[in-house]
file query_15.cif (mmCIF, C-alpha atoms and all ligand atoms)
data_work
#
loop_
_atom_site.label_atom_id
_atom_site.label_comp_id
_atom_site.auth_asym_id
_atom_site.auth_seq_id
_atom_site.Cartn_x
_atom_site.Cartn_y
_atom_site.Cartn_z
CA MET J 1 0.00 0.00 0.00
CA LYS J 2 1.24 3.51 -0.81
CA GLU J 3 1.75 5.62 2.30
CA GLN J 4 -0.55 8.36 0.95
CA ASP J 5 -3.43 5.81 0.97
CA ILE J 6 -3.02 4.97 4.66
CA ASP J 7 -5.19 6.64 7.28
CA PHE J 8 -2.72 6.69 10.14
CA TYR J 9 -5.50 7.66 12.54
CA SER J 10 -7.53 4.48 12.08
CA LEU J 11 -4.87 1.81 12.01
CA GLY J 12 -5.27 -1.44 13.94
CA PHE J 13 -2.83 -4.35 14.09
CA GLU J 14 -3.39 -5.71 10.57
CA PHE J 15 -0.78 -6.58 8.01
CA ILE J 16 -0.02 -3.69 5.67
CA GLU J 17 2.76 -3.94 3.14
CA THR J 18 5.49 -1.29 3.28
CA LYS J 19 7.99 -0.41 0.58
CA THR J 20 11.25 -1.98 1.62
CA MET J 21 12.58 -4.98 3.53
CA PHE J 22 16.03 -6.13 4.59
CA ILE J 23 17.32 -9.54 3.61
CA ALA J 24 20.56 -11.35 4.40
CA GLU J 25 21.62 -14.93 3.75
CA TYR J 26 23.79 -17.31 5.66
CA LYS J 27 25.62 -19.71 3.33
CA ASN J 28 28.84 -21.72 3.38
CA GLY J 29 29.26 -21.07 7.08
CA LYS J 30 29.02 -17.27 6.99
CA TRP J 31 26.65 -14.33 6.93
CA GLU J 32 26.57 -11.93 4.01
CA ASP J 33 26.13 -8.21 4.85
CA GLY J 34 22.53 -8.16 3.63
CA LYS J 35 20.70 -5.50 1.66
CA LEU J 36 17.51 -3.50 1.34
CA VAL J 37 15.15 -4.81 -1.36
CA PRO J 38 11.54 -4.03 -2.36
CA PHE J 39 9.11 -5.86 -0.05
CA GLY J 40 7.94 -9.06 -1.71
CA PRO J 41 7.96 -12.84 -1.84
CA PHE J 42 11.04 -15.01 -2.25
CA GLU J 43 11.52 -18.62 -3.27
CA ILE J 44 12.03 -21.30 -0.71
CA SER J 45 12.62 -25.05 -1.10
CA PRO J 46 9.69 -27.27 0.00
CA GLY J 47 12.40 -29.14 1.92
CA ALA J 48 13.32 -26.02 3.94
CA CYS J 49 13.92 -26.78 7.61
CA VAL J 50 11.57 -23.97 8.70
CA LEU J 51 8.67 -25.41 6.65
CA ASN J 52 9.13 -28.98 7.84
CA TYR J 53 10.52 -28.70 11.35
CA GLY J 54 9.77 -25.13 12.35
CA GLN J 55 13.34 -23.87 12.62
CA GLY J 56 12.41 -20.20 12.70
CA ILE J 57 12.54 -17.35 15.20
CA PHE J 58 11.35 -13.76 15.25
CA GLU J 59 11.32 -10.52 17.22
CA GLY J 60 8.83 -7.70 17.65
CA MET J 61 9.88 -4.06 18.04
CA LYS J 62 8.50 -0.59 17.34
CA ALA J 63 9.84 2.61 15.80
CA LEU J 64 8.06 5.69 17.13
CA LYS J 65 7.93 9.35 16.18
CA THR J 66 8.60 11.82 18.98
CA LYS J 67 6.76 15.13 19.33
CA ASP J 68 9.55 16.94 17.50
CA GLY J 69 9.63 14.40 14.66
CA LYS J 70 12.61 12.24 15.70
CA ILE J 71 12.48 8.52 14.96
CA VAL J 72 13.28 6.34 17.96
CA LEU J 73 13.66 2.68 18.93
CA PHE J 74 13.19 1.19 22.40
CA ARG J 75 16.09 -0.94 23.70
CA PRO J 76 16.94 -2.62 20.34
CA GLU J 77 20.06 -4.20 21.84
CA GLU J 78 17.78 -6.28 24.06
CA ASN J 79 15.96 -7.65 20.99
CA ALA J 80 19.30 -8.50 19.37
CA LYS J 81 20.44 -10.36 22.48
CA ARG J 82 17.15 -12.22 22.87
CA MET J 83 17.14 -13.23 19.21
CA ASN J 84 20.64 -14.62 19.55
CA LYS J 85 19.47 -16.62 22.58
CA SER J 86 16.55 -17.98 20.55
CA ALA J 87 18.99 -18.83 17.73
CA GLU J 88 21.24 -20.71 20.12
CA ARG J 89 18.32 -22.84 21.39
CA LEU J 90 17.38 -23.79 17.81
CA LEU J 91 20.99 -24.43 16.73
CA MET J 92 20.92 -21.49 14.32
CA PRO J 93 24.08 -19.47 13.63
CA SER J 94 24.61 -16.43 15.84
CA PHE J 95 24.89 -12.92 14.44
CA ASP J 96 26.46 -9.67 15.49
CA ASN J 97 24.19 -7.44 17.63
CA THR J 98 25.55 -4.26 16.03
CA TRP J 99 24.79 -5.65 12.56
CA PHE J 100 21.21 -6.38 13.69
CA ILE J 101 20.66 -2.85 15.03
CA LYS J 102 22.20 -1.27 11.89
CA ALA J 103 19.86 -3.35 9.69
CA VAL J 104 16.81 -2.41 11.80
CA LYS J 105 17.71 1.28 11.49
CA GLU J 106 18.17 0.97 7.71
CA VAL J 107 14.77 -0.67 7.18
CA VAL J 108 13.03 1.90 9.37
CA LEU J 109 14.67 4.80 7.53
CA ALA J 110 13.79 3.24 4.16
CA ASN J 111 10.14 3.05 5.28
CA GLN J 112 10.04 6.27 7.26
CA GLU J 113 7.05 7.66 5.39
CA TYR J 114 5.06 4.77 6.90
CA ILE J 115 5.79 5.75 10.51
CA PRO J 116 2.51 7.03 11.97
CA PRO J 117 2.65 10.62 13.25
CA TYR J 118 3.21 11.26 16.97
CA GLU J 119 -0.35 12.55 17.45
CA SER J 120 -1.89 9.29 16.10
CA GLY J 121 -0.30 7.24 18.91
CA GLY J 122 0.67 4.61 16.33
CA ALA J 123 4.04 3.04 15.54
CA LEU J 124 5.98 1.31 12.82
CA TYR J 125 6.04 -2.31 13.99
CA ILE J 126 9.32 -4.01 13.10
CA ARG J 127 9.46 -7.74 12.49
CA PRO J 128 12.90 -9.36 12.33
CA LEU J 129 12.43 -12.92 11.07
CA TYR J 130 15.17 -15.55 10.91
CA ILE J 131 14.49 -18.92 9.24
CA GLY J 132 16.28 -22.12 8.26
CA THR J 133 15.87 -22.22 4.47
CA GLY J 134 18.25 -25.05 3.61
CA PRO J 135 16.48 -28.31 2.64
CA ILE J 136 16.75 -31.12 5.15
CA LEU J 137 15.10 -34.52 5.55
CA GLY J 138 16.25 -35.90 8.88
CA VAL J 139 15.46 -33.68 11.86
CA ALA J 140 18.59 -31.50 12.06
CA PRO J 141 19.46 -27.82 11.66
CA ALA J 142 19.57 -26.30 8.17
CA THR J 143 22.87 -25.27 6.62
CA GLU J 144 21.40 -22.17 4.94
CA TYR J 145 19.37 -19.36 6.51
CA LYS J 146 17.57 -16.14 5.65
CA PHE J 147 17.29 -13.11 7.87
CA ILE J 148 14.49 -10.75 6.94
CA ILE J 149 13.29 -7.54 8.53
CA PHE J 150 10.00 -6.04 7.42
CA THR J 151 7.80 -3.30 8.89
CA VAL J 152 4.06 -2.64 9.29
CA PRO J 153 2.41 0.61 10.43
CA VAL J 154 0.15 -0.11 13.43
CA GLY J 155 -2.30 1.90 15.47
CA PRO J 156 -2.20 2.49 19.22
CA TYR J 157 -3.11 -0.50 21.38
CA PHE J 158 -5.85 1.58 23.04
CA PRO J 159 -7.57 3.52 20.24
CA GLU J 160 -10.45 4.41 22.57
CA GLY J 161 -8.30 5.21 25.58
CA PHE J 162 -6.62 3.16 28.29
CA LYS J 163 -9.02 0.27 29.04
CA ALA J 164 -8.87 -2.94 31.07
CA ILE J 165 -9.29 -6.41 29.54
CA ASP J 166 -10.92 -9.57 30.86
CA LEU J 167 -8.83 -12.74 30.99
CA GLU J 168 -9.53 -16.43 31.53
CA ILE J 169 -7.32 -18.75 33.57
CA SER J 170 -7.30 -22.05 31.75
CA LYS J 171 -6.26 -25.50 32.90
CA LYS J 172 -7.12 -26.96 29.51
CA TYR J 173 -4.06 -25.75 27.61
CA THR J 174 -0.43 -25.02 28.37
CA ARG J 175 1.99 -22.90 26.36
CA ALA J 176 5.39 -24.21 27.38
CA ALA J 177 6.93 -27.01 29.41
CA PRO J 178 10.14 -27.12 31.47
CA GLY J 179 13.11 -27.83 29.24
CA GLY J 180 11.17 -26.73 26.15
CA THR J 181 11.34 -23.54 24.12
CA GLY J 182 9.02 -21.26 26.12
CA SER J 183 11.72 -18.68 26.84
CA THR J 184 12.60 -18.28 23.16
CA LYS J 185 10.70 -16.48 20.43
CA THR J 186 10.42 -19.45 18.11
CA ILE J 187 7.55 -19.46 15.64
CA CYS J 188 6.49 -22.87 16.99
CA ASN J 189 5.45 -21.40 20.34
CA TYR J 190 2.74 -19.35 18.67
CA ALA J 191 0.90 -21.81 16.41
CA GLY J 192 -0.30 -23.77 19.44
CA THR J 193 -1.79 -20.70 21.11
CA MET J 194 -4.22 -19.87 18.29
CA LYS J 195 -6.88 -22.44 19.22
CA PRO J 196 -6.88 -21.56 22.94
CA ALA J 197 -7.10 -17.85 22.01
CA LYS J 198 -10.00 -18.48 19.62
CA GLU J 199 -11.92 -20.52 22.20
CA THR J 200 -11.50 -17.98 24.98
CA LYS J 201 -12.41 -15.07 22.67
CA GLU J 202 -15.64 -16.89 21.80
CA LYS J 203 -16.42 -16.85 25.52
CA GLY J 204 -15.81 -13.09 25.66
CA TYR J 205 -12.28 -13.00 27.10
CA ALA J 206 -9.39 -11.16 25.50
CA GLN J 207 -6.82 -13.90 26.18
CA ILE J 208 -5.79 -16.85 28.33
CA ILE J 209 -3.57 -16.72 31.39
CA TYR J 210 -1.34 -19.76 30.96
CA LEU J 211 -0.33 -21.72 34.05
CA ASP J 212 2.87 -23.70 34.54
CA ALA J 213 2.68 -27.08 32.82
CA SER J 214 4.08 -29.07 35.78
CA ASN J 215 1.64 -28.03 38.51
CA MET J 216 -1.12 -26.14 36.67
CA GLU J 217 -0.95 -23.73 39.57
CA TYR J 218 1.53 -20.92 38.96
CA ILE J 219 1.06 -18.19 36.39
CA ASP J 220 3.39 -18.30 33.38
CA GLU J 221 2.16 -15.54 31.08
CA VAL J 222 -0.67 -14.18 28.95
CA GLY J 223 -0.81 -15.06 25.23
CA THR J 224 1.80 -12.64 23.91
CA ALA J 225 2.48 -10.62 27.02
CA ASN J 226 4.01 -11.00 30.48
CA PHE J 227 1.93 -10.94 33.65
CA PHE J 228 2.15 -8.61 36.65
CA ALA J 229 0.09 -8.22 39.83
CA VAL J 230 0.08 -5.77 42.72
CA ILE J 231 -0.09 -7.81 45.91
CA ASP J 232 0.08 -6.09 49.33
CA GLY J 233 1.19 -2.96 47.48
CA LYS J 234 4.20 -4.76 45.97
CA ILE J 235 4.84 -5.48 42.30
CA VAL J 236 5.08 -9.20 41.57
CA THR J 237 5.72 -11.00 38.30
CA PRO J 238 6.37 -14.70 37.61
CA LYS J 239 10.05 -15.52 37.87
CA LEU J 240 11.78 -16.58 34.66
CA LYS J 241 12.32 -20.31 34.73
CA GLY J 242 12.65 -21.26 31.08
CA THR J 243 8.94 -21.41 30.25
CA ILE J 244 8.29 -17.67 30.08
CA LEU J 245 9.44 -15.21 27.43
CA PRO J 246 11.82 -12.72 29.08
CA GLY J 247 9.95 -9.62 27.92
CA ILE J 248 11.84 -6.40 27.33
CA THR J 249 8.81 -4.45 28.56
CA ARG J 250 8.75 -6.72 31.65
CA LYS J 251 12.37 -5.90 32.41
CA SER J 252 11.66 -2.17 31.94
CA VAL J 253 8.53 -2.26 34.13
CA LEU J 254 10.49 -3.88 36.97
CA GLU J 255 13.02 -1.06 36.77
CA LEU J 256 10.41 1.71 36.53
CA ALA J 257 8.43 0.30 39.47
CA SER J 258 11.45 0.10 41.75
CA LYS J 259 13.43 3.17 40.66
CA LYS J 260 10.66 5.62 39.76
CA LEU J 261 7.71 4.51 41.88
CA HIS J 262 9.92 3.21 44.72
CA LEU J 263 7.86 0.05 45.05
CA GLU J 264 9.18 -3.30 46.17
CA VAL J 265 9.39 -5.71 43.22
CA PHE J 266 9.42 -9.49 43.38
CA GLU J 267 10.03 -12.12 40.72
CA ARG J 268 8.49 -15.25 42.21
CA ASP J 269 5.97 -18.03 41.65
CA ILE J 270 2.42 -16.63 41.74
CA SER J 271 -0.39 -19.09 42.32
CA TYR J 272 -3.49 -18.19 40.30
CA LYS J 273 -5.40 -18.50 43.59
CA GLU J 274 -3.61 -15.38 44.89
CA LEU J 275 -5.50 -13.32 42.31
CA PHE J 276 -8.74 -14.14 44.13
CA GLU J 277 -7.49 -12.81 47.47
CA ASN J 278 -8.10 -9.24 48.70
CA SER J 279 -4.36 -8.63 49.01
CA CYS J 280 -4.18 -8.65 45.20
CA THR J 281 -5.44 -5.24 44.13
CA GLU J 282 -4.28 -4.80 40.53
CA ALA J 283 -3.10 -6.93 37.63
CA PHE J 284 -1.74 -6.02 34.21
CA CYS J 285 0.19 -7.42 31.26
CA SER J 286 3.22 -6.02 29.48
CA GLY J 287 4.63 -6.36 25.98
CA THR J 288 5.76 -4.50 22.88
CA ALA J 289 2.28 -4.73 21.36
CA ALA J 290 0.33 -4.67 24.64
CA VAL J 291 2.52 -1.90 26.16
CA ILE J 292 0.93 -2.05 29.65
CA THR J 293 -2.59 -3.42 29.53
CA PRO J 294 -4.67 -3.31 32.71
CA ILE J 295 -6.52 -6.50 33.63
CA GLY J 296 -10.10 -5.73 34.66
CA SER J 297 -11.02 -9.28 35.68
CA VAL J 298 -9.77 -12.84 35.78
CA THR J 299 -12.07 -15.84 35.58
CA PHE J 300 -11.34 -19.41 36.57
CA GLU J 301 -14.23 -21.78 35.87
CA ILE J 302 -17.20 -20.19 37.70
CA ASN J 303 -15.13 -17.79 39.80
CA LYS J 304 -14.57 -14.26 38.61
CA ARG J 305 -12.37 -11.69 40.32
CA ILE J 306 -12.94 -8.10 39.28
CA PHE J 307 -10.16 -5.62 40.02
CA ASN J 308 -10.94 -2.00 40.80
CA ASN J 309 -14.47 -2.17 39.30
CA GLY J 310 -12.90 -3.15 35.99
CA GLU J 311 -11.02 0.16 35.73
CA PRO J 312 -7.22 0.50 35.35
CA GLY J 313 -5.57 0.55 38.78
CA GLU J 314 -3.51 3.47 40.09
CA ILE J 315 -0.10 1.77 39.93
CA THR J 316 -0.86 0.25 36.52
CA SER J 317 -1.80 3.69 35.17
CA LYS J 318 1.33 5.32 36.57
CA LEU J 319 3.54 2.65 35.02
CA TYR J 320 1.75 3.03 31.67
CA GLU J 321 2.31 6.79 31.71
CA LEU J 322 5.96 6.51 32.66
CA LEU J 323 6.73 3.86 30.06
CA THR J 324 4.94 5.54 27.16
CA GLU J 325 6.37 8.97 28.05
CA ILE J 326 9.90 7.59 27.99
CA GLN J 327 9.24 5.63 24.79
CA ARG J 328 8.12 8.80 22.96
CA LEU J 329 10.69 11.00 24.70
CA ASP J 330 7.96 13.11 26.30
CA ILE J 331 10.12 12.92 29.41
CA ASN J 332 13.85 12.49 29.90
CA ASP J 333 15.20 9.05 28.96
CA GLU J 334 17.11 8.69 32.21
CA PHE J 335 17.73 4.95 31.77
CA ASP J 336 19.29 5.37 28.32
CA TRP J 337 16.74 3.07 26.71
CA ILE J 338 16.05 5.12 23.59
CA VAL J 339 18.06 4.83 20.40
CA LYS J 340 17.54 7.62 17.86
CA ILE J 341 17.64 6.89 14.16
CA GLU J 342 19.36 9.61 12.23
CA SER J 343 19.45 9.75 8.45
C1 LIG Y 401 4.90 -15.00 24.60
C2 LIG Y 401 5.27 -13.58 24.84
N1 LIG Y 401 5.42 -13.15 26.09
C3 LIG Y 401 5.78 -11.88 26.38
C4 LIG Y 401 5.97 -10.95 25.38
C5 LIG Y 401 6.39 -9.56 25.72
O1 LIG Y 401 7.75 -9.34 25.39
P1 LIG Y 401 8.28 -7.90 25.00
O2 LIG Y 401 8.00 -7.02 26.17
O3 LIG Y 401 9.75 -8.07 24.78
O4 LIG Y 401 7.55 -7.48 23.79
C6 LIG Y 401 5.77 -11.34 24.04
C7 LIG Y 401 5.93 -10.37 22.95
O5 LIG Y 401 6.99 -10.25 22.41
C8 LIG Y 401 5.44 -12.68 23.77
O6 LIG Y 401 5.28 -13.11 22.50
#
call {"tool": "encode", "arguments": {"input": "query_15.cif", "output": "structure tokens"}}
result
Amino acid sequence: MKEQDIDFYSLGFEFIETKTMFIAEYKNGKWEDGKLVPFGPFEISPGACVLNYGQGIFEGMKALKTKDGKIVLFRPEENAKRMNKSAERLLMPSFDNTWFIKAVKEVVLANQEYIPPYESGGALYIRPLYIGTGPILGVAPATEYKFIIFTVPVGPYFPEGFKAIDLEISKKYTRAAPGGTGSTKTICNYAGTMKPAKETKEKGYAQIIYLDASNMEYIDEVGTANFFAVIDGKIVTPKLKGTILPGITRKSVLELASKKLHLEVFERDISYKELFENSCTEAFCSGTAAVITPIGSVTFEINKRIFNNGEPGEITSKLYELLTEIQRLDINDEFDWIVKIES
């Protein structure tokens, strides 16, 4: 789609083609530099490892416009590091973090006319995608890979203002098991969550809260976001134990809560039953897409717990403001999280 045909003020989270993508290949044991090419399809062998055995990983990031028109990224080094960790788990070749950030900047600049204006609250979503393209028959890593980065303009997560969502705690499905790939951003982790998401949406919930696969007791995370609760006035989030994606927003929220709001923060097991106790006063999720999304209620079977009359809680709202103000440089970036893209 041409940028002049896009209404930046009514964007959702749908796929929209932009002009340019980045592509690099790994062959004969080494990475090529990669280049910008027009967005479009490429050929892939039906024997490709990614198509047969799911050897593929991705990242999700956003480029934002600041009030004075600068283009900024949020902690891109963290995405580079996490993608390399995902690569290591899937026996894919590592890459240089600086090369990754340079490529991300190049794609964003090449598509800069697609970055929604500051006033729209939207962003240019960035999707780095890394796949095993070499053909393989036995289950083993590919010998050839493609690294692609494409972008999509997206609207704000809360087009009608900051609103709470209703979630369902499910014991029917799990997302990740100990020793598995839950802490990586492999494409395989996501296919299995589509059916649970569809079923819960049909019941009127926005998403599922996944519990740990061993005990079906402790909260892991929420669809594509990390989970937080305010219990006895303290911020708690499930500790990372290999089954949870180590969210970059999660890491930032922990820092904001302790250093800016001076709250005690705990990474620990959280039983879903704790959400039904009076000591738990707020809950929210965090993620690149979700930013900070207040949780208005959680339901387990016939029991429903409503937080704060279904309105965003005070601590949740403060964290949302702080995070989004730093991300758009409305306030000083005192943690050095923002990377400017200069042409
Ligand atoms: C499963 C899962 N958990 C959590 C997150 C949040 O991570 P981040 O804050 O890095 O976007 C995401 C989104 O990337 C995700 O897919």
call {"tool": "closest_atom_pairs", "arguments": {"input": "query_15.cif", "of": "chain J", "to": "ligand LIG 401 (chain Y)", "cutoff": "10 Å", "atoms": "all atoms listed in the file", "output": "CSV"}}
result
residue,atom,partner,partner_atom,distance
J:Phe58,CA,Y:LIG401,O5,9.1
J:Glu59,CA,Y:LIG401,O5,6.8
J:Gly60,CA,Y:LIG401,O5,5.7
J:Met61,CA,Y:LIG401,O4,7.1
J:Lys62,CA,Y:LIG401,O4,9.5
J:Arg75,CA,Y:LIG401,O3,9.6
J:Glu78,CA,Y:LIG401,O3,8.3
J:Asn79,CA,Y:LIG401,O3,7.3
J:Arg82,CA,Y:LIG401,O3,8.7
J:Arg175,CA,Y:LIG401,C1,8.6
J:Ala176,CA,Y:LIG401,C1,9.6
J:Gly182,CA,Y:LIG401,C1,7.6
J:Ser183,CA,Y:LIG401,C1,8.1
J:Thr184,CA,Y:LIG401,C1,8.5
J:Lys185,CA,Y:LIG401,O6,6.7
J:Thr186,CA,Y:LIG401,O6,9.3
J:Ile187,CA,Y:LIG401,O6,9.6
J:Asn189,CA,Y:LIG401,C1,7.7
J:Tyr190,CA,Y:LIG401,C1,7.7
J:Thr193,CA,Y:LIG401,C1,9.5
J:Asp220,CA,Y:LIG401,N1,9.2
J:Glu221,CA,Y:LIG401,N1,6.4
J:Val222,CA,Y:LIG401,N1,6.8
J:Gly223,CA,Y:LIG401,C1,5.7
J:Thr224,CA,Y:LIG401,C8,3.6
J:Ala225,CA,Y:LIG401,C3,3.6
J:Asn226,CA,Y:LIG401,C3,4.6
J:Phe227,CA,Y:LIG401,C3,8.3
J:Thr243,CA,Y:LIG401,C1,9.5
J:Ile244,CA,Y:LIG401,N1,6.7
J:Leu245,CA,Y:LIG401,N1,4.7
J:Pro246,CA,Y:LIG401,O1,6.5
J:Gly247,CA,Y:LIG401,O1,3.4
J:Ile248,CA,Y:LIG401,O3,3.7
J:Thr249,CA,Y:LIG401,O2,3.6
J:Arg250,CA,Y:LIG401,O2,5.5
J:Lys251,CA,Y:LIG401,O2,7.7
J:Ser252,CA,Y:LIG401,O2,8.4
J:Val253,CA,Y:LIG401,O2,9.3
J:Cys285,CA,Y:LIG401,C5,8.6
J:Ser286,CA,Y:LIG401,O2,5.9
J:Gly287,CA,Y:LIG401,O2,3.4
J:Thr288,CA,Y:LIG401,O4,3.6
J:Ala289,CA,Y:LIG401,O4,6.4
J:Ala290,CA,Y:LIG401,O4,7.8
J:Val291,CA,Y:LIG401,O2,7.5
J:Ile292,CA,Y:LIG401,O2,9.3
call {"tool": "write_last_selection", "arguments": {"input": "query_15.cif", "atoms": "C-alpha atoms", "output": "JSON list (two decimals), keeping the file's coordinate frame"}}
result
[["chain", "number", "residue", "atom", "x", "y", "z"],
["J", 58, "PHE", "CA", 11.35, -13.76, 15.25],
["J", 59, "GLU", "CA", 11.32, -10.52, 17.22],
["J", 60, "GLY", "CA", 8.83, -7.70, 17.65],
["J", 61, "MET", "CA", 9.88, -4.06, 18.04],
["J", 62, "LYS", "CA", 8.50, -0.59, 17.34],
["J", 75, "ARG", "CA", 16.09, -0.94, 23.70],
["J", 78, "GLU", "CA", 17.78, -6.28, 24.06],
["J", 79, "ASN", "CA", 15.96, -7.65, 20.99],
["J", 82, "ARG", "CA", 17.15, -12.22, 22.87],
["J", 175, "ARG", "CA", 1.99, -22.90, 26.36],
["J", 176, "ALA", "CA", 5.39, -24.21, 27.38],
["J", 182, "GLY", "CA", 9.02, -21.26, 26.12],
["J", 183, "SER", "CA", 11.72, -18.68, 26.84],
["J", 184, "THR", "CA", 12.60, -18.28, 23.16],
["J", 185, "LYS", "CA", 10.70, -16.48, 20.43],
["J", 186, "THR", "CA", 10.42, -19.45, 18.11],
["J", 187, "ILE", "CA", 7.55, -19.46, 15.64],
["J", 189, "ASN", "CA", 5.45, -21.40, 20.34],
["J", 190, "TYR", "CA", 2.74, -19.35, 18.67],
["J", 193, "THR", "CA", -1.79, -20.70, 21.11],
["J", 220, "ASP", "CA", 3.39, -18.30, 33.38],
["J", 221, "GLU", "CA", 2.16, -15.54, 31.08],
["J", 222, "VAL", "CA", -0.67, -14.18, 28.95],
["J", 223, "GLY", "CA", -0.81, -15.06, 25.23],
["J", 224, "THR", "CA", 1.80, -12.64, 23.91],
["J", 225, "ALA", "CA", 2.48, -10.62, 27.02],
["J", 226, "ASN", "CA", 4.01, -11.00, 30.48],
["J", 227, "PHE", "CA", 1.93, -10.94, 33.65],
["J", 243, "THR", "CA", 8.94, -21.41, 30.25],
["J", 244, "ILE", "CA", 8.29, -17.67, 30.08],
["J", 245, "LEU", "CA", 9.44, -15.21, 27.43],
["J", 246, "PRO", "CA", 11.82, -12.72, 29.08],
["J", 247, "GLY", "CA", 9.95, -9.62, 27.92],
["J", 248, "ILE", "CA", 11.84, -6.40, 27.33],
["J", 249, "THR", "CA", 8.81, -4.45, 28.56],
["J", 250, "ARG", "CA", 8.75, -6.72, 31.65],
["J", 251, "LYS", "CA", 12.37, -5.90, 32.41],
["J", 252, "SER", "CA", 11.66, -2.17, 31.94],
["J", 253, "VAL", "CA", 8.53, -2.26, 34.13],
["J", 285, "CYS", "CA", 0.19, -7.42, 31.26],
["J", 286, "SER", "CA", 3.22, -6.02, 29.48],
["J", 287, "GLY", "CA", 4.63, -6.36, 25.98],
["J", 288, "THR", "CA", 5.76, -4.50, 22.88],
["J", 289, "ALA", "CA", 2.28, -4.73, 21.36],
["J", 290, "ALA", "CA", 0.33, -4.67, 24.64],
["J", 291, "VAL", "CA", 2.52, -1.90, 26.16],
["J", 292, "ILE", "CA", 0.93, -2.05, 29.65]]
call {"tool": "closest_residue", "arguments": {"input": "query_15.cif", "among": "J:Lys81, J:Val108, J:Gly132, J:Phe39", "to": "Asn52 in chain J", "atoms": "all atoms listed in the file"}}
result
J:Gly132
call {"tool": "residues_around", "arguments": {"input": "query_15.cif", "residues": "Cys49 in chain J", "least_positions_apart": "6", "cutoff": "12 Å", "atoms": "all atoms listed in the file", "output": "PyMOL selection string"}}
result
chain J and resi 55-56+90-92+130-146
call {"tool": "residues_around", "arguments": {"input": "query_15.cif", "residues": "range 266-274 of chain J", "least_positions_apart": "6", "cutoff": "12 Å", "atoms": "all atoms listed in the file", "output": "MDAnalysis selection string"}}
result
chainID J and resid 168:171 209:212 215:221 226:241 244 246 250:251 253:255 257:258 280:283 298:300 303:305
call {"tool": "residues_around", "arguments": {"input": "query_15.cif", "residues": "Val104 in chain J", "least_positions_apart": "6", "cutoff": "10 Å", "atoms": "only C-alpha atoms", "output": "list in words"}}
result
Met21, Phe22, Met61, Ala63, Leu73, Pro76, Thr98, Ala110, Ile126, Arg127, Pro128, Ile148, Ile149, Phe150, Thr151 and Ile341 of chain J
call {"tool": "write_last_selection", "arguments": {"input": "query_15.cif", "atoms": "C-alpha atoms", "output": "short mmCIF file (atom, residue, chain, number, x, y, z; two decimals), in the frame of the given file"}}
result
data_model
loop_
_atom_site.label_atom_id
_atom_site.label_comp_id
_atom_site.auth_asym_id
_atom_site.auth_seq_id
_atom_site.Cartn_x
_atom_site.Cartn_y
_atom_site.Cartn_z
CA MET J 21 12.58 -4.98 3.53
CA PHE J 22 16.03 -6.13 4.59
CA MET J 61 9.88 -4.06 18.04
CA ALA J 63 9.84 2.61 15.80
CA LEU J 73 13.66 2.68 18.93
CA PRO J 76 16.94 -2.62 20.34
CA THR J 98 25.55 -4.26 16.03
CA ALA J 110 13.79 3.24 4.16
CA ILE J 126 9.32 -4.01 13.10
CA ARG J 127 9.46 -7.74 12.49
CA PRO J 128 12.90 -9.36 12.33
CA ILE J 148 14.49 -10.75 6.94
CA ILE J 149 13.29 -7.54 8.53
CA PHE J 150 10.00 -6.04 7.42
CA THR J 151 7.80 -3.30 8.89
CA ILE J 341 17.64 6.89 14.16
#
call {"tool": "closest_residue", "arguments": {"input": "query_15.cif", "among": "J:Ala197, J:Met83, J:Ile306, J:Leu109", "to": "Leu64 in chain J", "atoms": "only C-alpha atoms"}}
result
J:Leu109
call {"tool": "atom_distance", "arguments": {"input": "query_15.cif", "atom1": "CA of Pro38 in chain J", "atom2": "CA of Lys19 in chain J"}}
result
5.9 Å
